[in-house]
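All remarks here apply to the structure that follows.
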Amino acid sequence: MSHMKQLALDIGLAPVPTLARFFPGPNEAVLQHLRLAVESDDGGALRAAVPMYLWGESGCGKTHLLKAVREALRERGLAVGWLDASSAQPPAFEESWAAVLLDDVHLYTCAQQAMAFNWFVNATSPATGTPRWVLAAGSLPPADLPLRDDLRSRLGWGLVADLHPTTYELRLGILQSKAEKLGRPVPPKVLEFLAHKITSNVRELEGALNRILAHCELVGRPITLESAREVL
């Protein structure tokens, strides 16, 4: 396979979100808490975990963390309930679920809110078995969510964590790591330019680097600050 085809493949196939791929920065305590819940050998930590709600601005890593938790539990053979704003017809609560994951709760429709509330109640006060873990995420603290009162109050029941955006140093580290994994030497000035320019979203940050590398490869030009500015 040619280098260009391999690069295009690398760009097209986004890696599955994992806890190991999350750049914690100021959110190290949240990451460690999630690891403790999902990686315990006997599942005891998962059963004992109190509901948790993550909030923060777009791009701070909420969805990545929820998908990473889903992936980690699936790898252990555990089924989970997943609900986000794009879930048109969410299923009824299933007793086989080990956890319930609610993403982008601030965008839920009335029907999605009703289902989320139902899942929450069934998970925390199940008809059979031990309580299931609930992990939810949204853009606002619980009290400010534009949701029905009973769901909003329950999202604030347990642990509430404010995810902080990445720092310049962390964004630069992310870019350096990405360039190394792709095996492409990228001038420091290009990485510094990107770290300054794109501040809100790690996915956008890595995507911008991918676009610059692919463009320079395609047109046969060196990776420079000028070419980076042109692409963006």
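Starting from 1 in every chain, residues are counted up; chains themselves are A, B, ... following the order of the structure tokens, and ligands are numbered from 1 as listed.
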For stretch 110-122 of chain A: contacts at 9 Å, only C-alpha atoms, fewer than 6 positions along chain excluded, given as a PyMOL selection string: chain A and resi 81+83-85+87-95+100+102+131-132+134+147-148+150-151+154-155
Which residues of stretch 68-146 of chain A come within 9 Å of stretch 17-34 of chain A, and what is each one's closest atom pair and distance in Å (one decimal), counting only C-alpha atoms, sorted by chain and residue number, as a tab-separated table?
```
residue	atom	partner	partner_atom	distance
A:Ala68	CA	A:Thr18	CA	4.2
A:Val69	CA	A:Leu19	CA	7.2
A:Arg70	CA	A:Thr18	CA	9.0
A:Glu71	CA	A:Thr18	CA	6.9
A:Ala72	CA	A:Thr18	CA	7.3
```
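Assigned to strand (DSSP E or B) in stretch 68-136 of chain A, given DSSP computed from backbone atoms, are Ala79, Val80, Gly81, Trp82, Leu83, Trp97, Ala98, Ala99, Val100, Leu101, Leu102, Trp133, Val134, Leu135 and Ala136 of chain A.
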Selected residue of minimal separation from A:Ser58 among A:Gly77, A:Pro165, A:Gly207, A:Pro141, counting only C-alpha atoms: A:Pro165
Residues of stretch 53-216 of chain A in alpha helix (DSSP H), written as an MDAnalysis selection string: chainID A and resid 62:75 110:124 149:155 168:182 188:197 202:216
Interatomic distance, atom CA of A:Lys178 to atom CA of A:Gly56 (Å, one decimal):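 Atom CA of A:Lys178 sits 24.2 Å away from atom CA of A:Gly56.
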